[in-house]
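*Asks:* So here's start32.cif, just mmCIF, C-alpha atoms and all ligand atoms:
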```
data_entry
#
loop_
_atom_site.label_atom_id
_atom_site.label_comp_id
_atom_site.auth_asym_id
_atom_site.auth_seq_id
_atom_site.Cartn_x
_atom_site.Cartn_y
_atom_site.Cartn_z
CA MET A 5 -23.70 -36.81 77.34
CA SER A 6 -25.84 -35.95 80.38
CA SER A 7 -29.18 -34.21 80.00
CA LYS A 8 -29.70 -30.75 81.51
CA LYS A 9 -32.01 -32.34 84.11
CA GLU A 10 -29.31 -34.83 85.15
CA ILE A 11 -26.74 -32.03 85.45
CA LEU A 12 -29.17 -30.03 87.59
CA GLU A 13 -29.85 -33.04 89.82
CA TRP A 14 -26.13 -33.60 90.17
CA TYR A 15 -25.68 -29.98 91.22
CA ILE A 16 -28.43 -30.28 93.83
CA THR A 17 -27.04 -33.52 95.30
CA SER A 18 -23.61 -31.85 95.45
CA GLY A 19 -25.12 -29.05 97.54
CA VAL A 20 -25.06 -26.39 94.84
CA THR A 21 -28.29 -24.55 95.50
CA GLU A 22 -27.53 -20.98 94.57
CA THR A 23 -26.40 -19.20 91.44
CA ILE A 24 -23.75 -16.59 92.06
CA GLY A 25 -23.42 -15.01 88.62
CA GLU A 26 -25.59 -13.70 85.84
CA HIS A 27 -23.86 -15.75 83.18
CA PRO A 28 -23.02 -19.46 83.25
CA ILE A 29 -19.31 -20.24 82.98
CA ASN A 30 -18.30 -23.37 81.12
CA ARG A 31 -15.26 -24.49 83.07
CA PHE A 32 -14.49 -27.17 80.51
CA ASN A 33 -13.68 -24.46 77.98
CA LYS A 34 -10.08 -23.76 77.10
CA PRO A 35 -8.65 -21.02 79.37
CA GLU A 36 -9.41 -17.57 78.06
CA GLU A 37 -7.03 -14.83 77.15
CA LYS A 38 -3.77 -16.43 76.30
CA ILE A 39 -1.21 -13.65 76.32
CA LEU A 40 -0.19 -13.03 72.80
CA LEU A 41 2.93 -11.00 72.37
CA ARG A 42 3.16 -10.61 68.65
CA LYS A 43 6.48 -9.46 67.35
CA SER A 44 5.71 -5.97 66.24
CA ILE A 45 7.37 -4.62 63.16
CA LEU A 46 7.03 -1.16 64.71
CA SER A 47 9.11 -1.97 67.68
CA PRO A 48 12.71 -0.86 67.47
CA THR A 49 13.51 -3.50 70.11
CA THR A 50 11.99 -6.51 68.41
CA ALA A 51 12.32 -5.05 64.88
CA SER A 52 11.09 -8.20 63.22
CA ILE A 53 11.39 -6.99 59.69
CA PRO A 54 10.55 -10.21 57.87
CA GLU A 55 13.58 -11.97 56.54
CA LYS A 56 11.92 -13.97 53.83
CA GLN A 57 9.74 -11.34 52.16
CA GLU A 58 9.81 -11.97 48.47
CA GLN A 59 10.17 -8.86 46.34
CA LEU A 60 9.95 -6.56 49.33
CA PRO A 61 12.90 -4.17 49.56
CA ASP A 62 13.84 -3.48 53.17
CA ASN A 63 13.86 0.26 52.59
CA LEU A 64 10.15 0.22 51.66
CA LEU A 65 9.23 -1.53 54.86
CA GLN A 66 11.50 0.78 56.84
CA THR A 67 9.80 3.79 55.23
CA ALA A 68 6.41 2.40 56.26
CA VAL A 69 7.66 1.78 59.82
CA ASN A 70 9.16 5.29 60.08
CA LEU A 71 6.07 7.00 58.68
CA ALA A 72 3.71 5.08 60.96
CA GLN A 73 5.85 5.54 64.04
CA SER A 74 6.15 9.26 63.57
CA ALA A 75 2.35 9.70 63.67
CA GLN A 76 1.19 10.89 67.09
CA THR A 77 -2.52 11.26 66.27
CA LEU A 78 -5.00 9.49 64.01
CA ASP A 79 -5.06 12.51 61.69
CA GLU A 80 -1.29 12.33 61.38
CA LEU A 81 -1.50 8.59 60.74
CA LYS A 82 -4.08 9.16 57.99
CA GLU A 83 -1.72 11.71 56.45
CA ALA A 84 1.13 9.17 56.71
CA VAL A 85 -0.93 6.48 54.94
CA LEU A 86 -1.91 8.97 52.22
CA ASN A 87 1.76 9.87 51.76
CA PHE A 88 2.98 6.28 51.53
CA ASN A 89 3.48 5.17 47.94
CA GLY A 90 5.32 1.93 48.63
CA CYS A 91 2.36 -0.42 48.25
CA ALA A 92 1.39 -1.09 44.63
CA LEU A 93 -2.27 -1.53 45.59
CA LYS A 94 -2.50 2.24 45.97
CA LYS A 95 -1.93 2.68 42.23
CA THR A 96 -4.96 0.60 41.23
CA ALA A 97 -7.30 1.79 44.00
CA LYS A 98 -9.64 4.75 43.54
CA ASN A 99 -9.47 5.76 47.19
CA THR A 100 -7.56 5.19 50.40
CA VAL A 101 -9.94 3.71 52.96
CA PHE A 102 -8.56 4.76 56.32
CA GLY A 103 -11.26 4.05 58.89
CA GLU A 104 -14.36 5.50 60.50
CA GLY A 105 -16.18 5.80 63.77
CA PRO A 106 -15.69 7.75 66.99
CA THR A 107 -11.99 8.12 67.76
CA ASN A 108 -12.75 7.35 71.41
CA ALA A 109 -14.73 4.20 70.51
CA PRO A 110 -14.25 1.40 73.05
CA ILE A 111 -14.45 -1.28 70.33
CA MET A 112 -12.34 -1.50 67.20
CA PHE A 113 -13.21 -3.86 64.33
CA VAL A 114 -10.45 -4.67 61.83
CA GLY A 115 -11.36 -6.25 58.49
CA GLU A 116 -9.23 -7.35 55.58
CA ALA A 117 -9.28 -4.84 52.73
CA PRO A 118 -11.80 -2.63 50.94
CA GLY A 119 -14.01 -4.11 48.24
CA ALA A 120 -15.49 -2.31 45.23
CA ASP A 121 -18.07 -0.25 47.17
CA GLU A 122 -15.59 0.74 49.85
CA ASP A 123 -13.05 1.73 47.18
CA ARG A 124 -15.64 3.85 45.37
CA LEU A 125 -16.81 5.62 48.54
CA GLY A 126 -13.56 5.67 50.52
CA ARG A 127 -15.31 4.15 53.56
CA PRO A 128 -14.85 0.72 55.22
CA PHE A 129 -17.57 -1.94 55.19
CA VAL A 130 -20.26 -0.11 53.24
CA GLY A 131 -21.09 -2.88 50.70
CA VAL A 132 -23.29 -5.91 51.35
CA SER A 133 -20.89 -7.50 53.83
CA GLY A 134 -20.70 -4.16 55.64
CA GLN A 135 -24.47 -3.99 55.82
CA LEU A 136 -24.53 -7.45 57.39
CA LEU A 137 -21.82 -6.34 59.83
CA ASP A 138 -23.93 -3.31 60.80
CA LYS A 139 -26.92 -5.61 61.47
CA ILE A 140 -24.85 -8.01 63.57
CA MET A 141 -23.39 -5.14 65.57
CA SER A 142 -26.73 -3.43 66.11
CA SER A 143 -28.18 -6.65 67.61
CA VAL A 144 -26.01 -5.99 70.68
CA GLY A 145 -26.12 -2.19 70.74
CA LEU A 146 -23.02 -1.52 68.66
CA SER A 147 -22.76 0.97 65.83
CA ARG A 148 -20.10 2.98 64.07
CA GLU A 149 -22.05 6.13 64.92
CA LYS A 150 -21.88 5.40 68.63
CA ASN A 151 -19.23 3.03 69.94
CA VAL A 152 -17.41 1.19 67.14
CA TYR A 153 -14.42 2.24 65.06
CA ILE A 154 -13.91 0.21 61.86
CA THR A 155 -10.85 -0.15 59.70
CA ASN A 156 -8.96 -2.76 57.66
CA ILE A 157 -5.51 -4.34 57.58
CA ILE A 158 -5.06 -2.96 54.03
CA PRO A 159 -6.32 0.53 53.15
CA TRP A 160 -6.45 -0.08 49.37
CA ARG A 161 -8.63 -2.44 47.40
CA PRO A 162 -6.75 -5.38 45.86
CA PRO A 163 -7.70 -5.53 42.15
CA GLY A 164 -10.70 -7.78 41.56
CA ASN A 165 -10.96 -8.35 45.33
CA ARG A 166 -8.14 -10.87 45.22
CA ASN A 167 -6.50 -11.80 48.52
CA PRO A 168 -3.75 -9.40 49.53
CA SER A 169 -0.27 -10.90 49.13
CA SER A 170 2.02 -11.42 52.13
CA SER A 171 4.24 -8.55 50.93
CA GLU A 172 1.25 -6.20 50.69
CA ILE A 173 0.17 -7.21 54.17
CA SER A 174 3.67 -6.71 55.57
CA LEU A 175 3.91 -3.23 54.07
CA CYS A 176 0.59 -2.23 55.63
CA MET A 177 1.21 -3.76 59.05
CA PRO A 178 3.13 -0.78 60.49
CA PHE A 179 0.08 1.41 59.79
CA ILE A 180 -2.58 -0.87 61.28
CA GLU A 181 -0.40 -1.52 64.33
CA ARG A 182 -0.03 2.21 64.89
CA HIS A 183 -3.77 2.64 64.22
CA ILE A 184 -4.53 0.23 67.06
CA GLU A 185 -1.97 1.88 69.35
CA LEU A 186 -3.34 5.38 68.75
CA LEU A 187 -7.00 4.38 69.10
CA HIS A 188 -6.21 2.01 71.97
CA PRO A 189 -9.66 0.38 72.10
CA LYS A 190 -10.87 -1.59 75.11
CA ILE A 191 -11.79 -4.51 72.81
CA LEU A 192 -10.32 -5.48 69.44
CA VAL A 193 -12.37 -7.55 66.98
CA MET A 194 -10.54 -9.20 64.08
CA ILE A 195 -12.90 -9.86 61.19
CA GLY A 196 -11.96 -12.97 59.21
CA GLY A 197 -8.85 -15.02 58.61
CA VAL A 198 -6.58 -12.40 57.03
CA SER A 199 -7.14 -9.89 59.81
CA THR A 200 -6.68 -12.58 62.46
CA SER A 201 -3.51 -14.12 61.04
CA SER A 202 -1.98 -10.70 60.35
CA LEU A 203 -2.64 -9.32 63.83
CA THR A 204 -1.88 -12.45 65.81
CA GLY A 205 0.86 -13.93 63.64
CA SER A 206 -0.89 -17.29 64.09
CA SER A 207 -1.25 -19.75 61.25
CA SER A 208 -4.26 -21.49 62.86
CA GLY A 209 -7.39 -21.33 60.74
CA ILE A 210 -10.18 -18.87 61.47
CA MET A 211 -12.66 -21.70 62.19
CA LYS A 212 -10.41 -22.79 65.03
CA MET A 213 -9.58 -19.30 66.32
CA ARG A 214 -12.98 -17.61 66.10
CA GLY A 215 -14.78 -16.98 69.33
CA ASN A 216 -11.63 -17.48 71.45
CA TRP A 217 -10.47 -14.48 73.43
CA ILE A 218 -6.80 -13.68 73.28
CA THR A 219 -4.79 -10.70 74.42
CA TYR A 220 -3.38 -8.40 71.77
CA GLN A 221 -0.13 -6.87 72.87
CA THR A 222 2.62 -5.16 70.97
CA PRO A 223 5.68 -3.61 72.61
CA ASN A 224 4.47 -0.05 72.03
CA LEU A 225 1.05 -0.61 73.63
CA ASN A 226 1.11 0.42 77.26
CA SER A 227 -1.63 -2.04 78.19
CA PRO A 228 -2.84 -5.23 76.50
CA ILE A 229 -6.18 -5.38 74.68
CA PRO A 230 -8.68 -8.27 74.87
CA ALA A 231 -9.15 -9.41 71.28
CA ILE A 232 -11.44 -11.85 69.52
CA PRO A 233 -11.46 -13.23 65.98
CA ILE A 234 -14.86 -13.53 64.31
CA LEU A 235 -15.98 -14.92 60.94
CA HIS A 236 -15.88 -12.49 58.04
CA THR A 237 -19.33 -11.27 56.98
CA ALA A 238 -18.50 -11.97 53.31
CA PHE A 239 -18.01 -15.62 54.36
CA LEU A 240 -21.32 -15.54 56.26
CA LEU A 241 -23.10 -14.30 53.15
CA ARG A 242 -21.78 -17.32 51.25
CA ASN A 243 -22.35 -19.72 54.16
CA PRO A 244 -25.47 -18.52 55.99
CA ILE A 245 -25.53 -21.67 58.15
CA GLN A 246 -22.46 -20.29 59.93
CA LYS A 247 -24.39 -17.24 61.15
CA ARG A 248 -25.11 -19.20 64.32
CA LEU A 249 -21.39 -19.02 65.13
CA ALA A 250 -21.37 -15.31 64.40
CA TRP A 251 -24.28 -14.93 66.82
CA LYS A 252 -22.34 -16.78 69.53
CA ASP A 253 -19.33 -14.55 68.95
CA ILE A 254 -21.23 -11.26 69.02
CA LEU A 255 -22.89 -12.35 72.29
CA SER A 256 -19.44 -13.08 73.68
CA ILE A 257 -18.36 -9.56 72.68
CA ARG A 258 -21.45 -8.12 74.41
CA GLN A 259 -20.65 -10.13 77.51
CA LYS A 260 -17.05 -8.87 77.54
CA MET A 261 -18.35 -5.29 77.15
CA ASP A 262 -20.63 -5.81 80.14
CA GLU A 263 -17.77 -7.27 82.18
CA LEU A 264 -15.65 -4.21 81.33
CA GLY A 265 -18.55 -1.83 82.01
CA LEU A 266 -18.63 -0.55 78.41
CA LYS A 267 -21.71 1.00 76.83
N1 LIG B 301 -14.41 -6.52 53.49
C1 LIG B 301 -13.43 -6.07 54.29
O1 LIG B 301 -12.66 -6.87 54.84
N2 LIG B 301 -13.33 -4.76 54.49
C2 LIG B 301 -14.18 -3.89 53.96
O2 LIG B 301 -14.02 -2.69 54.23
C3 LIG B 301 -15.20 -4.37 53.15
C4 LIG B 301 -15.30 -5.69 52.91
#
```
Using structure tokens, write down the structure that the file contains.

*Replies:*
Amino acid sequence: MSSKKEILEWYITSGVTETIGEHPINRFNKPEEKILLRKSILSPTTASIPEKQEQLPDNLLQTAVNLAQSAQTLDELKEAVLNFNGCALKKTAKNTVFGEGPTNAPIMFVGEAPGADEDRLGRPFVGVSGQLLDKIMSSVGLSREKNVYITNIIPWRPPGNRNPSSSEISLCMPFIERHIELLHPKILVMIGGVSTSSLTGSSSGIMKMRGNWITYQTPNLNSPIPAIPILHTAFLLRNPIQKRLAWKDILSIRQKMDELGLK
């Protein structure tokens, strides 16, 4: 591995004497923004209603798809989620946690599912992991009061904060997909492994995917959205050493905002 001084000397002997950008570009990095065309379960054309869903009657999923698709505004989508009784998690939850933040926010963060505090208050990311998320966001000028909209893949708390099952995720996917389509943010941030695997359809682990920009595209979106997976703040609270990766990722988000001219 060469030292920084050696790299600099190599640049100078190669005739590179001027910098032409504000930010260094590591050209050894993997290419950014692979196009990711996830099969949307909303799309009548791809209609990828999962074949192997255990204990998931097709009509329930179709009801979710129809309800979500018929919503033309976020208020209508909230109404649709409140009217959907097909997911058993709703029965044990105290509240439906829909989402919050300016509806014209340029950045959308999508987490996994509400925890106890979120369930009690009906708001996303208000417990300790939400407080850490607020701190991370504020370090680069982001806040849910100003420019960030926050929601989750699942709007109801799984009992005891267990992981949501694949059937529960499938039933909620039509709603989060429509949520993203209606908000149409300029940047999409997937918080943690469940959010990332659900929205990308990828089975790669979050440690591998985090920090890598991809393009989120579903058939009903009229333009693709740059998207980035980040580590979940609940994981960071348990593994504080990994906050350095979170710092890298939030700086990458800031850089993308600057490139896109977002405030
Ligand atoms: N964790 C999540 O993924 N979402 C919340 O809203 C709170 C904690």

*Asks:* Could you give me, as a Markdown table, every chain A residue with an atom at most 9 Å from ligand LIG 301 (chain B), plus its closest atom pair and distance in Å to one decimal, counting all atoms listed in the file, rows ordered by chain then number?

*Replies:*
```
| residue | atom | partner | partner_atom | distance |
| --- | --- | --- | --- | --- |
| A:Val101 | CA | B:LIG301 | O2 | 7.7 |
| A:Gly103 | CA | B:LIG301 | O2 | 8.6 |
| A:Val114 | CA | B:LIG301 | O1 | 7.7 |
| A:Gly115 | CA | B:LIG301 | O1 | 3.9 |
| A:Glu116 | CA | B:LIG301 | O1 | 3.5 |
| A:Ala117 | CA | B:LIG301 | N2 | 4.4 |
| A:Pro118 | CA | B:LIG301 | O2 | 4.0 |
| A:Gly119 | CA | B:LIG301 | C3 | 5.1 |
| A:Ala120 | CA | B:LIG301 | C3 | 8.2 |
| A:Asp121 | CA | B:LIG301 | C3 | 7.8 |
| A:Glu122 | CA | B:LIG301 | O2 | 5.8 |
| A:Asp123 | CA | B:LIG301 | O2 | 8.4 |
| A:Arg127 | CA | B:LIG301 | O2 | 7.0 |
| A:Pro128 | CA | B:LIG301 | O2 | 3.6 |
| A:Phe129 | CA | B:LIG301 | O2 | 3.8 |
| A:Val130 | CA | B:LIG301 | C3 | 6.6 |
| A:Gly131 | CA | B:LIG301 | C3 | 6.6 |
| A:Val132 | CA | B:LIG301 | C4 | 8.1 |
| A:Ser133 | CA | B:LIG301 | C4 | 5.9 |
| A:Gly134 | CA | B:LIG301 | C3 | 6.0 |
| A:Ile154 | CA | B:LIG301 | O2 | 8.2 |
| A:Thr155 | CA | B:LIG301 | O2 | 6.8 |
| A:Asn156 | CA | B:LIG301 | N2 | 5.8 |
| A:Ile157 | CA | B:LIG301 | O1 | 8.1 |
| A:Ile158 | CA | B:LIG301 | N2 | 8.5 |
| A:Pro159 | CA | B:LIG301 | O2 | 8.4 |
| A:Arg161 | CA | B:LIG301 | O2 | 8.7 |
| A:Ile195 | CA | B:LIG301 | O1 | 7.0 |
| A:Gly196 | CA | B:LIG301 | O1 | 7.5 |
| A:Val198 | CA | B:LIG301 | O1 | 8.5 |
| A:Ser199 | CA | B:LIG301 | O1 | 8.0 |
| A:His236 | CA | B:LIG301 | O1 | 7.2 |
| A:Thr237 | CA | B:LIG301 | N1 | 7.7 |
| A:Ala238 | CA | B:LIG301 | N1 | 6.8 |
```

*Asks:* To one decimal place in Å, what is the distance between CA of Met112 (chain A) and CA of Leu60 (chain A)?

*Replies:*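 Separation of CA of Met112 (chain A) and CA of Leu60 (chain A): 29.0 Å.
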
*Asks:* Have a look at A:Ser170, A:Ile11, A:Pro61, A:Cys176 and name the one nearest to Val85 (chain A); count only C-alpha atoms.

*Replies:*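 Of A:Ser170, A:Ile11, A:Pro61, A:Cys176, the one nearest Val85 (chain A), counting only C-alpha atoms, is A:Cys176.
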
*Asks:* Kindly indicate which residue among A:Ile180, A:Ile173, A:Val193, A:Leu187 lies nearest to Asn108 (chain A), using all atoms listed in the file for the distances.

*Replies:*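 Distance minimum relative to Asn108 (chain A) lands on A:Leu187.
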
*Asks:* Could you check which of A:Lys190, A:Arg166, A:Lys252, A:Arg214 is closest to Val152 (chain A), using all atoms listed in the file?

*Replies:* A:Lys190

*Asks:* So the first atom is CA of Trp217 (chain A) and the second is CA of Ile232 (chain A); what is the distance between them in Å, to one decimal place?

*Replies:* 4.8 Å

*Asks:* Report, in Å with one decimal, the straight-line distance from CA of Ser147 (chain A) to CA of Ile254 (chain A).

*Replies:*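 Computing it gives 12.7 Å between the two atoms.
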
*Asks:* Go through A:Ala109, A:Ser171, A:Val69, A:Asn99 and flag the residue nearest Arg124 (chain A), using all atoms listed in the file for the distances.

*Replies:* A:Asn99

*Asks:* With a distance cut-off of 12 Å and only C-alpha atoms, select the neighbouring residues of Phe239 (chain A), excluding the residue or stretch itself and same-chain residues fewer than 5 positions from it, and output the selection as an MDAnalysis selection string.

*Replies:* chainID A and resid 132:134 136:137 195:197 210:211 234 244:247 249:250
